[in-house]
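Coordinates as given in upload-v4.txt (compact mmCIF, C-alpha atoms and all ligand atoms):
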```txt
# COMPACT_ATOMS: atom_id res chain seq x y z
CA MET R 2 -15.42 17.28 -6.56
CA ASN R 3 -12.97 15.43 -8.82
CA LYS R 4 -11.75 12.61 -6.65
CA GLY R 5 -8.14 11.45 -6.78
CA ARG R 6 -7.83 8.24 -8.76
CA VAL R 7 -6.16 5.38 -6.90
CA ALA R 8 -5.08 1.93 -8.05
CA VAL R 9 -4.25 -0.79 -5.53
CA LEU R 10 -1.66 -3.46 -6.23
CA LEU R 11 -2.02 -6.49 -4.01
CA SER R 12 -1.07 -10.15 -3.75
CA GLY R 13 -3.24 -11.46 -0.92
CA ARG R 14 -5.95 -10.77 1.63
CA GLY R 15 -6.68 -7.16 0.76
CA SER R 16 -7.81 -5.85 4.12
CA ASN R 17 -5.96 -2.55 3.59
CA PHE R 18 -7.57 -2.28 0.19
CA ALA R 19 -10.99 -2.80 1.79
CA ALA R 20 -10.24 -0.16 4.45
CA MET R 21 -9.30 2.30 1.69
CA VAL R 22 -12.50 1.66 -0.21
CA ARG R 23 -14.60 2.14 2.91
CA ALA R 24 -12.80 5.38 3.75
CA SER R 25 -13.14 6.58 0.15
CA ARG R 26 -16.91 6.11 0.34
CA ASN R 27 -17.29 8.36 3.37
CA PRO R 28 -18.87 11.70 2.56
CA GLY R 29 -16.21 14.32 1.86
CA SER R 30 -13.50 11.84 0.89
CA ASN R 31 -11.16 13.21 -1.80
CA PHE R 32 -10.14 9.92 -3.44
CA ALA R 33 -11.66 6.83 -5.04
CA VAL R 34 -10.19 3.39 -5.70
CA ARG R 35 -10.71 2.82 -9.42
CA LEU R 36 -8.67 -0.30 -10.08
CA VAL R 37 -7.13 -3.37 -8.45
CA LEU R 38 -4.22 -5.23 -10.00
CA CYS R 39 -3.08 -8.51 -8.57
CA ASP R 40 -0.20 -10.84 -9.42
CA ARG R 41 -1.82 -14.00 -8.00
CA PRO R 42 -4.95 -15.74 -9.29
CA ASP R 43 -6.10 -17.00 -5.88
CA ALA R 44 -5.76 -13.75 -3.91
CA PRO R 45 -8.80 -13.12 -1.65
CA GLY R 46 -8.37 -9.41 -2.47
CA LEU R 47 -9.76 -10.12 -5.97
CA LYS R 48 -13.05 -11.36 -4.47
CA LYS R 49 -13.22 -8.32 -2.22
CA ALA R 50 -12.82 -6.10 -5.30
CA ALA R 51 -15.71 -7.90 -6.99
CA ARG R 52 -17.91 -7.37 -3.93
CA PHE R 53 -17.09 -3.66 -3.99
CA GLY R 54 -17.74 -3.50 -7.73
CA ILE R 55 -14.23 -2.28 -8.48
CA PRO R 56 -12.55 -3.53 -11.68
CA ALA R 57 -9.81 -6.01 -10.80
CA TYR R 58 -7.34 -7.78 -13.05
CA GLN R 59 -4.93 -10.54 -12.42
CA ILE R 60 -1.67 -10.05 -14.28
CA ASN R 61 0.56 -13.08 -14.10
CA PRO R 62 4.24 -12.06 -14.20
CA ARG R 63 5.16 -15.50 -15.54
CA GLN R 64 3.36 -14.71 -18.78
CA PHE R 65 5.88 -12.00 -19.60
CA PRO R 66 9.47 -12.39 -20.76
CA ASP R 67 10.81 -10.11 -18.03
CA LYS R 68 9.86 -7.66 -15.29
CA ALA R 69 9.93 -4.68 -17.66
CA ALA R 70 7.33 -6.31 -19.94
CA TYR R 71 5.18 -7.24 -16.91
CA GLU R 72 5.32 -3.68 -15.59
CA ASN R 73 4.58 -2.22 -19.04
CA GLU R 74 1.33 -4.19 -18.97
CA ILE R 75 0.58 -2.81 -15.50
CA CYS R 76 1.28 0.72 -16.79
CA ALA R 77 -1.11 0.19 -19.70
CA CYS R 78 -3.92 -0.72 -17.27
CA LEU R 79 -3.10 2.24 -15.01
CA GLU R 80 -3.07 4.66 -17.92
CA ARG R 81 -6.42 3.44 -19.25
CA GLU R 82 -7.94 4.41 -15.89
CA ASN R 83 -5.99 7.69 -15.59
CA ILE R 84 -4.58 6.55 -12.28
CA GLU R 85 -2.82 9.24 -10.26
CA LEU R 86 -1.61 7.28 -7.23
CA ILE R 87 -0.62 3.63 -6.85
CA CYS R 88 -1.04 2.08 -3.41
CA LEU R 89 0.75 -1.17 -2.70
CA ALA R 90 -1.19 -3.17 -0.14
CA GLY R 91 0.38 -6.52 0.56
CA TYR R 92 1.98 -6.59 -2.91
CA MET R 93 4.75 -9.14 -2.58
CA ARG R 94 7.13 -7.87 -5.27
CA LEU R 95 9.75 -5.20 -5.56
CA VAL R 96 8.64 -2.41 -7.86
CA GLY R 97 10.94 -2.20 -10.89
CA PRO R 98 12.39 0.70 -12.87
CA VAL R 99 9.55 0.82 -15.43
CA LEU R 100 6.81 1.51 -12.88
CA LEU R 101 9.03 3.76 -10.74
CA ALA R 102 9.94 5.93 -13.73
CA ARG R 103 6.33 6.20 -14.91
CA TYR R 104 4.95 7.13 -11.46
CA PRO R 105 7.70 9.07 -9.64
CA GLN R 106 6.66 9.83 -6.04
CA ARG R 107 3.25 8.45 -6.87
CA ILE R 108 3.62 4.99 -5.40
CA MET R 109 2.97 4.34 -1.70
CA ASN R 110 3.30 1.24 0.45
CA ILE R 111 2.31 0.24 3.96
CA HIS R 112 4.60 -1.80 6.17
CA PRO R 113 3.74 -3.41 9.53
CA ALA R 114 6.69 -2.01 11.53
CA LEU R 115 8.24 1.35 12.35
CA LEU R 116 10.71 1.71 9.49
CA PRO R 117 13.65 1.72 9.14
CA SER R 118 13.36 -1.07 11.74
CA PHE R 119 12.33 -4.50 10.48
CA PRO R 120 11.92 -4.10 6.72
CA GLY R 121 11.03 -7.08 4.55
CA LEU R 122 9.02 -10.15 5.41
CA ASP R 123 7.57 -11.10 8.81
CA ALA R 124 8.13 -7.65 10.27
CA GLN R 125 5.94 -8.33 13.32
CA GLN R 126 7.88 -11.51 14.13
CA GLN R 127 11.16 -9.65 13.60
CA ALA R 128 10.02 -6.99 16.09
CA LEU R 129 9.04 -9.61 18.68
CA GLY R 130 12.28 -11.50 18.14
CA TYR R 131 14.29 -8.32 18.74
CA GLY R 132 12.35 -7.62 21.93
CA VAL R 133 11.21 -4.08 21.14
CA LYS R 134 8.54 -2.55 23.38
CA ILE R 135 6.96 -0.44 20.66
CA SER R 136 6.31 -1.33 17.05
CA GLY R 137 3.67 -0.07 14.64
CA CYS R 138 3.15 0.67 10.98
CA THR R 139 4.60 2.98 8.33
CA VAL R 140 3.24 4.45 5.12
CA HIS R 141 6.08 5.43 2.80
CA PHE R 142 6.81 6.35 -0.77
CA VAL R 143 8.23 3.47 -2.76
CA ASP R 144 11.72 3.46 -4.21
CA ALA R 145 13.82 0.67 -5.69
CA GLY R 146 14.71 -0.85 -2.31
CA THR R 147 12.81 -2.99 0.17
CA ASP R 148 10.65 -0.71 2.34
CA SER R 149 13.31 1.99 2.02
CA GLY R 150 11.53 5.05 0.54
CA PRO R 151 10.73 8.33 2.34
CA VAL R 152 8.41 7.90 5.34
CA ILE R 153 5.04 9.63 5.05
CA ALA R 154 3.37 8.66 8.33
CA GLN R 155 3.72 6.22 11.21
CA ARG R 156 1.63 4.95 14.08
CA ALA R 157 3.01 3.30 17.17
CA VAL R 158 1.59 0.12 18.72
CA ALA R 159 2.76 -1.12 22.12
CA VAL R 160 4.14 -4.64 22.31
CA ARG R 161 2.59 -6.55 25.20
CA GLU R 162 4.29 -9.11 27.36
CA GLY R 163 3.72 -12.57 25.94
CA ASP R 164 2.47 -11.17 22.61
CA SER R 165 2.26 -13.62 19.73
CA ALA R 166 3.04 -12.49 16.19
CA GLU R 167 -0.66 -12.97 15.37
CA ALA R 168 -1.91 -10.82 18.27
CA LEU R 169 0.58 -8.05 17.55
CA SER R 170 -0.20 -8.21 13.82
CA ARG R 171 -3.92 -7.82 14.54
CA ARG R 172 -3.39 -4.70 16.63
CA ILE R 173 -0.97 -3.23 14.07
CA LEU R 174 -3.43 -4.00 11.25
CA ARG R 175 -6.16 -1.98 12.98
CA GLN R 176 -3.83 1.02 12.88
CA GLU R 177 -2.83 0.31 9.26
CA HIS R 178 -6.47 0.54 8.25
CA ARG R 179 -6.67 4.07 9.68
CA LEU R 180 -3.23 5.33 8.67
CA TYR R 181 -3.27 4.40 4.96
CA PRO R 182 -6.51 6.21 4.01
CA TRP R 183 -5.33 9.22 6.03
CA ALA R 184 -2.05 9.37 4.07
CA ILE R 185 -3.85 9.00 0.73
CA SER R 186 -6.22 11.82 1.51
CA ARG R 187 -3.28 14.07 2.52
CA PHE R 188 -1.63 13.23 -0.81
CA PHE R 189 -4.68 14.33 -2.79
CA SER R 190 -5.20 17.49 -0.80
CA GLY R 191 -1.71 18.51 -1.96
CA ARG R 192 -0.45 18.50 1.59
CA LEU R 193 2.54 16.18 1.14
CA GLN R 194 5.84 17.66 0.08
CA ILE R 195 9.05 15.69 -0.32
CA ARG R 196 12.30 17.45 0.60
CA GLY R 197 15.16 15.03 0.20
CA ARG R 198 14.19 12.06 2.36
CA THR R 199 11.77 14.05 4.45
CA VAL R 200 8.07 14.17 3.71
CA ILE R 201 6.47 17.31 5.06
CA ILE R 202 2.78 17.15 5.85
CA MET R 203 1.11 20.52 5.79
C1 LIG R 301 -0.14 -5.72 5.82
O1 LIG R 301 0.30 -6.10 7.09
C2 LIG R 301 0.77 -4.70 5.22
O2 LIG R 301 1.35 -3.87 6.17
C3 LIG R 301 1.85 -5.55 4.57
O3 LIG R 301 1.16 -6.67 4.06
C4 LIG R 301 -0.03 -6.88 4.82
C5 LIG R 301 -1.15 -6.87 3.84
O4 LIG R 301 -2.38 -7.17 4.46
N1 LIG R 301 2.55 -4.81 3.55
P1 LIG R 301 -3.73 -6.99 3.66
O5 LIG R 301 -3.59 -7.81 2.38
O6 LIG R 301 -3.90 -5.54 3.37
O7 LIG R 301 -4.79 -7.54 4.56
```

Just give me the structure as structure tokens.
Amino acid sequence: MNKGRVAVLLSGRGSNFAAMVRASRNPGSNFAVRLVLCDRPDAPGLKKAARFGIPAYQINPRQFPDKAAYENEICACLERENIELICLAGYMRLVGPVLLARYPQRIMNIHPALLPSFPGLDAQQQALGYGVKISGCTVHFVDAGTDSGPVIAQRAVAVREGDSAEALSRRILRQEHRLYPWAISRFFSGRLQIRGRTVIIM
């Protein structure tokens, strides 16, 4: 089977990336992570990539005159590896017009809240601060906004009385690690269709 070719863009820990790689190595998986791109030199995700034997490159945005030039370099790496789907996993930048135009409806992200609630940073703390009883995680297609693209899949996580942001984040993360590989495999089995803002999963 020709496996779907995934690149992961990350800035930090890389636990979602690791979950994807593990899922992709299960028998019958329809995708493979071929490339990791990272905007920070010290990201633990880079070491994880080395342990998995997956090519990983650090691309420092400060070495480029502007975001377009930075993203053109990213596109060159993606094209060399014939990447079909980009998965953001803790990538701490907004995706710009260059990457969005080159990979329309081929960029996904995971967010640790039930969007459209609590987009942006510290979503788990935002949810606790608001006092919601249920939060969770969302996989969505990426558009030019912050966590604003069409929702692909969500999982709910109950908020417990006295929860800390760390405890809630841990429980949400466990669900992230299951939801993201599931969404990727649906993408490559051709079972995601976008109609307007709605993603239909067949
Ligand atoms: C996750 O909580 C993800 O939802 C958010 O950033 C965090 C990344 O964690 N976008 P990791 O680097 O995958 O461990």

* To do: Excluding Pro45 in chain R and residues on its chain fewer than 2 positions from it, collect all residues at most 7 Å away from it, counting all atoms listed in the file, and give them as a list in words.
  =>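 Near Pro45 in chain R, the qualifying residues are Gly13, Arg14, Gly15, Asp43, Leu47, Lys48 and Lys49 of chain R.
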
Please check which protein, DNA or RNA residues sit within 6 Å of ligand LIG 301 (chain R), counting all atoms listed in the file, and write them as a PDB file with C-alpha atoms, in the frame of the given file.
```pdb
ATOM      1  CA  GLY R  13      -3.240 -11.460  -0.920  1.00  0.00           C
ATOM      2  CA  ARG R  14      -5.950 -10.770   1.630  1.00  0.00           C
ATOM      3  CA  GLY R  15      -6.680  -7.160   0.760  1.00  0.00           C
ATOM      4  CA  SER R  16      -7.810  -5.850   4.120  1.00  0.00           C
ATOM      5  CA  ASN R  17      -5.960  -2.550   3.590  1.00  0.00           C
ATOM      6  CA  PHE R  18      -7.570  -2.280   0.190  1.00  0.00           C
ATOM      7  CA  ALA R  90      -1.190  -3.170  -0.140  1.00  0.00           C
ATOM      8  CA  GLY R  91       0.380  -6.520   0.560  1.00  0.00           C
ATOM      9  CA  ILE R 111       2.310   0.240   3.960  1.00  0.00           C
ATOM     10  CA  HIS R 112       4.600  -1.800   6.170  1.00  0.00           C
ATOM     11  CA  PRO R 113       3.740  -3.410   9.530  1.00  0.00           C
ATOM     12  CA  LEU R 174      -3.430  -4.000  11.250  1.00  0.00           C
TER      13      LEU R 174
END
```

Residues near Val34 in chain R, cut-off 9 Å, only C-alpha atoms, skip fewer than 2 positions along chain, as a PDB file with C-alpha atoms, in the frame of the given file:
```pdb
ATOM      1  CA  GLY R   5      -8.140  11.450  -6.780  1.00  0.00           C
ATOM      2  CA  ARG R   6      -7.830   8.240  -8.760  1.00  0.00           C
ATOM      3  CA  VAL R   7      -6.160   5.380  -6.900  1.00  0.00           C
ATOM      4  CA  ALA R   8      -5.080   1.930  -8.050  1.00  0.00           C
ATOM      5  CA  VAL R   9      -4.250  -0.790  -5.530  1.00  0.00           C
ATOM      6  CA  PHE R  18      -7.570  -2.280   0.190  1.00  0.00           C
ATOM      7  CA  MET R  21      -9.300   2.300   1.690  1.00  0.00           C
ATOM      8  CA  VAL R  22     -12.500   1.660  -0.210  1.00  0.00           C
ATOM      9  CA  SER R  25     -13.140   6.580   0.150  1.00  0.00           C
ATOM     10  CA  PHE R  32     -10.140   9.920  -3.440  1.00  0.00           C
ATOM     11  CA  LEU R  36      -8.670  -0.300 -10.080  1.00  0.00           C
ATOM     12  CA  VAL R  37      -7.130  -3.370  -8.450  1.00  0.00           C
ATOM     13  CA  ILE R  55     -14.230  -2.280  -8.480  1.00  0.00           C
TER      14      ILE R  55
END
```

* Calculate how many Å separate CA of Asp67 in chain R from CA of Pro98 in chain R, rounding to one decimal. =>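 Computed distance, CA of Asp67 in chain R to CA of Pro98 in chain R, equals 12.1 Å.
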
* Fewer than 5 positions away in the same chain doesn't count, so skip those; otherwise give me all residues within 12 Å of Ala102 in chain R, counting all atoms listed in the file, as a PyMOL selection string. => chain R and resi 69+72-73+76+96-97+107-108+143-145

Padded axis-aligned box of range 9-25 of chain R (4 Å per side), centre and edge lengths, Å, one decimal, as AutoDock Vina command-line options:
```
--center_x -7.8 --center_y -2.4 --center_z -0.9 --size_x 21.5 --size_y 26.0 --size_z 18.7
```

* Asked: By how many Å are CA of Ala159 in chain R and CA of Gln126 in chain R apart?
  ->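 Between CA of Ala159 in chain R and CA of Gln126 in chain R the gap is 14.1 Å.
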
* Structure fact -> With distances taken over only C-alpha atoms, the candidate from R:Ile195, R:Ala128, R:Cys39, R:Leu11 nearest Gln106 in chain R is R:Ile195

* Contacts of Phe189 in chain R at 9 Å (only C-alpha atoms; same-chain gap of 2+ positions) as a ChimeraX atom specification -> /R:4-5,31-32,86,184-187,191-193

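For the set R:Leu169, R:Met203, R:Leu38, R:Ala50, the residue with the smallest atom-to-atom gap to Pro62 in chain R is R:Leu38, counting all atoms listed in the file.
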
* Gap from CA of Ser136 in chain R to CA of Val200 in chain R - Å, one decimal ->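 Straight-line distance from CA of Ser136 in chain R to CA of Val200 in chain R works out to 20.5 Å.
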
* Asked: Could you pull the residues within 10 Å of Arg161 in chain R, counting all atoms listed in the file, minus those fewer than 4 positions along the same chain, as a VMD selection string?
  -> chain R and resid 129 133 to 135 165 168 to 169

* Asked: When distances are computed from only C-alpha atoms, which of R:Thr199, R:Asn110, R:Gln127, R:Thr147 shows the smallest separation from Leu180 in chain R?
  -> R:Asn110
